[in-house]
Amino acid sequence: MLSRKFITIWLILLTITAVVLLIGSCSPKSVGPPVKNYSPKIEIVNIPPNNSHFTTNPQIYWYGTDVDGKIITYEYAVVPAALLVASHVDTSSASAILAYASASISKPSTGKDCKPESCWQQIDVATADNPNEQTIRLFADKDPSISVLQYFFVRAVDNDSARSNIDYRLYSRTNHPPETVIKTVPDTTGYYDLSDTSTTYKGIYFEWKGTDKIDYPDDNQNPTFEYFYQVFGPYQKDEIYGPDGTFDYTKVDTNTTIQPNKLVLTSHDSISTANVWVTKVSTRIYGLWKGQPPSDTTRSGYFVLKVTARDDAFVSDTLPAYVSFFTVDAHFEDSLLVYVPFFCVNSDQLGNVHCGDRVDSMFAFYKRVISAAGYDSSKMLISPGLRNVHNRPSKLELAKYKVYLMIDDGGKSHLNDTNYTDVTPYLDMGGNVWVWALSPFGAYYTASAATLVSLAQKPIPKTYFDVIGEYYGGWADSYTKRWTLHGQCTIDTCSPNGCYVDTCGLLPTNEEFLGGLALGASGMPNFDVDSMKYSSTYIAFSNPPADWRAAPNTNYFQRYAYSEPLWLFRSYFGDFVPDSMKDYVAGLNGRVIGLRYDSGIFKTAVYGFSMYMLHEDEATEIFRKSMEWFLKPR
């Protein structure tokens, strides 16, 4: 047996040996020569064959390999043969052609400013669907009879940035130029222009397209066209329109070295601020006037959009598309413009207003109120006495005024949808609209019997006036119902035209509106209606009761969230309608009959009661305070 001392010595020696071996394993390895990286290789697989001719862009195939890594990028370039000839390259020598490609085609393109024939275009192997087969854009001439010879070069790049040999083919292509079509028909009433877009103003919109019916008969097979667009102006009409009123695009000065101020804007994209070809097929235009000298008065002029399409062979339309459009630069230099639609009837229609002297006296009343409030009553547009003729202001005229007031006292709404669509561009520009009317939003619903109509889904009342509901009084129908269905009187005992006082006895009437109760924060006054005007204004039965109690046809509103209420309805019946009248009276006491709304861009107000039914001094005071609010700077 081994002695304990021997075993101990042996263990110590083993430990020392292990430590020496461990230290040796941690020592630096010797550094040898670096491992050589072998460049990748590439070969065009002869699809399509050399010297092929095309009328559309071909799909070209190649094959790349890398024995010690992987290919991460393919780079290709297309160079017209004329460039090689101009550089005195011996095009009969493959080595000379390859030497040109290696020396003259620059680094991979990093932006749109590098011409296709001068830079390598890159294909990312990781993201491309088929990196070894690509539709390649070849050059062509505008003249379809000319065939353009060109070289296609391709090479591979591996994961160590080593580039392969360059392979090439010679191809040719002919082409028919595309045609450009501007699809949008401009608004003949013109456009307002702002220096920027806003929540409601989206700019002047135009859309276009490219077509090539010869090379691509099927529109569904069209290539991706590119477009270059420009806007020129302003012009006066006689500068670009002929004596017969026809637009003449040849009069548009596109030579910006002669009149550089005529070029207003040009196409650009989100990457480059330079003038570029873009693939988008529409644009929103704004800020047309910002390059013109400052002005304190409203001005107008014509601008011209020019669009040129370019096809997949870099060939542009030989005749670009042009369209002219009229624009207004609004300055709101005057205070108030008033519009009154036609609202009387020549025949007896219950609830409406007699034509003739009665309407004339109403118009005279409006003018006195406007003048007494301190504004020019001559700026009042009255529609002629035909329902299909409307003397509405043009966009140019409207843009001269800070406030546009529409008055309609006719019992039923005579403000149609066009009245409101006309003013939305004006509001987007920062104009202000005031509507003082009975059933002001009647254009957006059809109602006869008294009812609360929802306007929550109607963009104009909600967006521009903050109104989501309007009560339609339906007074004429309620009035008829009161006479024909009352317990003292039936159709059987009365004439088909209704029941009269002399056959059925005196019946109480159902008119409700006594005036408005102003809300304290508004600063508006309380007001009463003028009892002398009730029965003499609105058409009723031939023997109406003598004791009209209040004015008919007053509306109330449901507000959304941002408007300010001004008055509450004061009803003859108060908060408690008698049981005998509940079938004919809605119970309107305390409802909001007037409101105003400041959007931050524009201001609007809408009053749902008759202006003419007010006492003249009270109407004047309301008019004055309303205008003070509209004209007060923010």
# chains A, B, ... in the order shown; residues from 1 in each chain; ligands from 1
>>> residues_around(residues="A:Trp475", least_positions_apart="5", cutoff="10 Å", atoms="only C-alpha atoms", output="list in words")
Leu350, Gly351, Gly411, Lys412, Ser448, Ala449, Ala450, Thr480, Lys481, Asn510, Glu511, Glu512, Ala551, Pro552, Asn553, Thr554, Tyr584 and Val585 of chain A
>>> write_last_selection(atoms="C-alpha atoms", output="mmCIF file, in the first residue's frame")
data_model
loop_
_atom_site.group_PDB
_atom_site.id
_atom_site.type_symbol
_atom_site.label_atom_id
_atom_site.label_comp_id
_atom_site.auth_asym_id
_atom_site.auth_seq_id
_atom_site.Cartn_x
_atom_site.Cartn_y
_atom_site.Cartn_z
ATOM 1 C CA LEU A 350 -102.729 78.610 -44.686
ATOM 2 C CA GLY A 351 -99.830 79.801 -42.535
ATOM 3 C CA GLY A 411 -93.878 80.784 -42.097
ATOM 4 C CA LYS A 412 -92.326 77.764 -43.833
ATOM 5 C CA SER A 448 -95.941 69.110 -41.686
ATOM 6 C CA ALA A 449 -97.293 68.278 -38.254
ATOM 7 C CA ALA A 450 -95.485 69.706 -35.233
ATOM 8 C CA THR A 480 -106.688 73.271 -38.939
ATOM 9 C CA LYS A 481 -106.873 70.371 -36.501
ATOM 10 C CA ASN A 510 -103.443 77.821 -30.245
ATOM 11 C CA GLU A 511 -100.730 80.396 -31.084
ATOM 12 C CA GLU A 512 -98.067 80.310 -28.367
ATOM 13 C CA ALA A 551 -97.250 84.715 -32.896
ATOM 14 C CA PRO A 552 -97.192 81.333 -34.689
ATOM 15 C CA ASN A 553 -94.454 79.319 -36.410
ATOM 16 C CA THR A 554 -91.636 79.761 -33.886
ATOM 17 C CA TYR A 584 -102.954 71.173 -30.357
ATOM 18 C CA VAL A 585 -100.184 72.782 -28.306
#
>>> select_by_dssp(residues="stretch 362-491 of chain A", states="strand (DSSP E or B)", output="PyMOL selection string")
chain A and resi 380-382+401-408+432-437+451-454+467-472
>>> closest_atom_pairs(of="stretch 47-89 of chain A", to="stretch 138-158 of chain A", cutoff="8 Å", atoms="only C-alpha atoms", output="CSV")
residue,atom,partner,partner_atom,distance
A:Asn57,CA,A:Leu138,CA,6.0
A:Gly64,CA,A:Ala156,CA,6.7
A:Asp66,CA,A:Asp158,CA,7.2
A:Gly69,CA,A:Asp158,CA,6.8
A:Lys70,CA,A:Asp158,CA,5.5
A:Ile71,CA,A:Asp158,CA,4.1
A:Ile72,CA,A:Asp158,CA,5.4
A:Thr73,CA,A:Val157,CA,5.1
A:Tyr74,CA,A:Ala156,CA,4.6
A:Glu75,CA,A:Arg155,CA,5.4
A:Tyr76,CA,A:Val154,CA,4.2
A:Ala77,CA,A:Phe153,CA,5.3
A:Val78,CA,A:Phe152,CA,4.7
A:Val79,CA,A:Tyr151,CA,5.2
A:Pro80,CA,A:Gln150,CA,4.0
A:Ala81,CA,A:Gln150,CA,4.7
A:Ala82,CA,A:Leu149,CA,7.6
>>> closest_residue(among="A:Asp579, A:Trp434, A:Pro178, A:Thr197", to="A:Pro217", atoms="only C-alpha atoms")
A:Pro178
>>> closest_residue(among="A:Gly291, A:Gly203, A:Gly587, A:Pro565", to="A:Phe232", atoms="only C-alpha atoms")
A:Gly291
>>> atom_distance(atom1="atom CA of A:Ile539", atom2="atom CA of A:Ser439")
17.2 Å
>>> closest_residue(among="A:Thr189, A:Thr537, A:Gln457, A:Ser195", to="A:Glu397", atoms="only C-alpha atoms")
A:Thr189
>>> residues_around(residues="A:Ala605", least_positions_apart="6", cutoff="9 Å", atoms="only C-alpha atoms", output="MDAnalysis selection string")
chainID A and resid 432:436 465 563 594:598 626 630
>>> write_last_selection(atoms="C-alpha atoms", output="mmCIF file, in the first residue's frame")
data_model
loop_
_atom_site.group_PDB
_atom_site.id
_atom_site.type_symbol
_atom_site.label_atom_id
_atom_site.label_comp_id
_atom_site.auth_asym_id
_atom_site.auth_seq_id
_atom_site.Cartn_x
_atom_site.Cartn_y
_atom_site.Cartn_z
ATOM 1 C CA ASN A 432 -69.554 84.576 -40.392
ATOM 2 C CA VAL A 433 -73.151 83.521 -41.080
ATOM 3 C CA TRP A 434 -76.282 84.627 -39.233
ATOM 4 C CA VAL A 435 -79.658 82.992 -39.938
ATOM 5 C CA TRP A 436 -82.823 84.699 -38.646
ATOM 6 C CA PHE A 465 -74.178 75.829 -36.299
ATOM 7 C CA SER A 563 -72.865 76.761 -28.751
ATOM 8 C CA GLY A 594 -81.775 81.342 -30.456
ATOM 9 C CA LEU A 595 -78.106 80.419 -30.135
ATOM 10 C CA ARG A 596 -74.665 81.387 -31.390
ATOM 11 C CA TYR A 597 -71.491 79.417 -32.013
ATOM 12 C CA ASP A 598 -67.825 80.439 -32.222
ATOM 13 C CA SER A 626 -75.712 90.538 -32.546
ATOM 14 C CA PHE A 630 -69.894 88.933 -34.741
#
>>> residues_around(residues="stretch 244-261 of chain A", least_positions_apart="6", cutoff="9 Å", atoms="only C-alpha atoms", output="ChimeraX atom specification")
/A:232-235,237-238,291-292,304,321-324
>>> select_by_dssp(residues="stretch 419-603 of chain A", states="alpha helix (DSSP H)", output="PyMOL selection string")
chain A and resi 419-428+459-465+475-484+501-504+534-537
>>> residues_around(residues="A:Tyr339", least_positions_apart="6", cutoff="9 Å", atoms="only C-alpha atoms", output="mmCIF file with N, CA and C atoms, in the first residue's frame")
data_model
loop_
_atom_site.group_PDB
_atom_site.id
_atom_site.type_symbol
_atom_site.label_atom_id
_atom_site.label_comp_id
_atom_site.auth_asym_id
_atom_site.auth_seq_id
_atom_site.Cartn_x
_atom_site.Cartn_y
_atom_site.Cartn_z
ATOM 1 N N LYS A 379 -77.198 97.178 -48.740
ATOM 2 C CA LYS A 379 -76.526 95.903 -48.989
ATOM 3 C C LYS A 379 -77.476 94.748 -48.672
ATOM 4 N N MET A 380 -78.704 94.828 -49.193
ATOM 5 C CA MET A 380 -79.686 93.784 -48.951
ATOM 6 C C MET A 380 -80.139 93.218 -50.292
ATOM 7 N N LEU A 381 -79.940 91.930 -50.476
ATOM 8 C CA LEU A 381 -80.325 91.258 -51.707
ATOM 9 C C LEU A 381 -81.694 90.629 -51.500
ATOM 10 N N ILE A 382 -82.660 91.038 -52.312
ATOM 11 C CA ILE A 382 -84.007 90.488 -52.227
ATOM 12 C C ILE A 382 -84.261 89.683 -53.486
ATOM 13 N N SER A 383 -84.595 88.412 -53.313
ATOM 14 C CA SER A 383 -84.867 87.583 -54.481
ATOM 15 C C SER A 383 -86.092 88.096 -55.211
ATOM 16 N N ASN A 391 -81.515 85.360 -56.058
ATOM 17 C CA ASN A 391 -80.492 86.383 -56.217
ATOM 18 C C ASN A 391 -79.423 86.247 -55.137
ATOM 19 N N ARG A 392 -78.884 85.022 -55.017
ATOM 20 C CA ARG A 392 -77.864 84.791 -53.996
ATOM 21 C C ARG A 392 -76.550 85.449 -54.410
ATOM 22 N N PRO A 393 -75.762 85.866 -53.434
ATOM 23 C CA PRO A 393 -74.480 86.497 -53.779
ATOM 24 C C PRO A 393 -73.498 85.476 -54.335
ATOM 25 N N TYR A 404 -72.679 87.555 -43.091
ATOM 26 C CA TYR A 404 -73.726 87.307 -44.095
ATOM 27 C C TYR A 404 -74.981 86.873 -43.341
ATOM 28 N N LEU A 405 -76.063 87.667 -43.466
ATOM 29 C CA LEU A 405 -77.320 87.412 -42.762
ATOM 30 C C LEU A 405 -78.376 86.952 -43.751
ATOM 31 N N MET A 406 -79.038 85.836 -43.446
ATOM 32 C CA MET A 406 -80.171 85.357 -44.228
ATOM 33 C C MET A 406 -81.430 85.485 -43.378
ATOM 34 N N ILE A 407 -82.411 86.255 -43.866
ATOM 35 C CA ILE A 407 -83.677 86.479 -43.163
ATOM 36 C C ILE A 407 -84.783 85.765 -43.921
ATOM 37 N N ASP A 408 -85.588 84.968 -43.216
ATOM 38 C CA ASP A 408 -86.732 84.299 -43.853
ATOM 39 C C ASP A 408 -87.906 84.322 -42.875
#
>>> residues_around(residues="A:Gly523", least_positions_apart="5", cutoff="10 Å", atoms="only C-alpha atoms", output="number ranges by chain")
A: 518, 566, 622, 625-626, 629
>>> decode(residues="stretch 354-367 of chain A", atoms="N, CA and C atoms", output="JSON list (two decimals), in the first residue's frame")
[["chain", "number", "residue", "atom", "x", "y", "z"],
["A", 354, "HIS", "N", -99.22, 86.84, -47.26],
["A", 354, "HIS", "CA", -99.76, 87.42, -48.49],
["A", 354, "HIS", "C", -98.67, 88.20, -49.23],
["A", 355, "CYS", "N", -98.69, 88.10, -50.55],
["A", 355, "CYS", "CA", -97.79, 88.93, -51.35],
["A", 355, "CYS", "C", -98.29, 90.37, -51.38],
["A", 356, "GLY", "N", -97.55, 91.20, -52.11],
["A", 356, "GLY", "CA", -98.00, 92.58, -52.29],
["A", 356, "GLY", "C", -97.57, 93.48, -51.16],
["A", 357, "ASP", "N", -98.49, 94.30, -50.69],
["A", 357, "ASP", "CA", -98.15, 95.33, -49.71],
["A", 357, "ASP", "C", -97.58, 94.75, -48.43],
["A", 358, "ARG", "N", -98.10, 93.59, -48.02],
["A", 358, "ARG", "CA", -97.63, 93.02, -46.76],
["A", 358, "ARG", "C", -96.14, 92.70, -46.84],
["A", 359, "VAL", "N", -95.70, 92.05, -47.93],
["A", 359, "VAL", "CA", -94.28, 91.71, -48.06],
["A", 359, "VAL", "C", -93.45, 92.98, -48.21],
["A", 360, "ASP", "N", -93.95, 93.94, -48.95],
["A", 360, "ASP", "CA", -93.22, 95.20, -49.10],
["A", 360, "ASP", "C", -93.01, 95.87, -47.75],
["A", 361, "SER", "N", -94.02, 95.83, -46.90],
["A", 361, "SER", "CA", -93.87, 96.45, -45.58],
["A", 361, "SER", "C", -92.88, 95.68, -44.72],
["A", 362, "MET", "N", -92.80, 94.37, -44.91],
["A", 362, "MET", "CA", -91.82, 93.57, -44.17],
["A", 362, "MET", "C", -90.41, 93.93, -44.61],
["A", 363, "PHE", "N", -90.17, 94.03, -45.93],
["A", 363, "PHE", "CA", -88.85, 94.42, -46.42],
["A", 363, "PHE", "C", -88.47, 95.82, -45.91],
["A", 364, "ALA", "N", -89.43, 96.72, -45.91],
["A", 364, "ALA", "CA", -89.16, 98.07, -45.41],
["A", 364, "ALA", "C", -88.79, 98.03, -43.94],
["A", 365, "PHE", "N", -89.44, 97.14, -43.18],
["A", 365, "PHE", "CA", -89.13, 96.97, -41.76],
["A", 365, "PHE", "C", -87.68, 96.52, -41.58],
["A", 366, "TYR", "N", -87.26, 95.54, -42.35],
["A", 366, "TYR", "CA", -85.88, 95.06, -42.25],
["A", 366, "TYR", "C", -84.89, 96.20, -42.52],
["A", 367, "LYS", "N", -85.15, 96.96, -43.54],
["A", 367, "LYS", "CA", -84.23, 98.04, -43.89],
["A", 367, "LYS", "C", -84.15, 99.09, -42.79]]
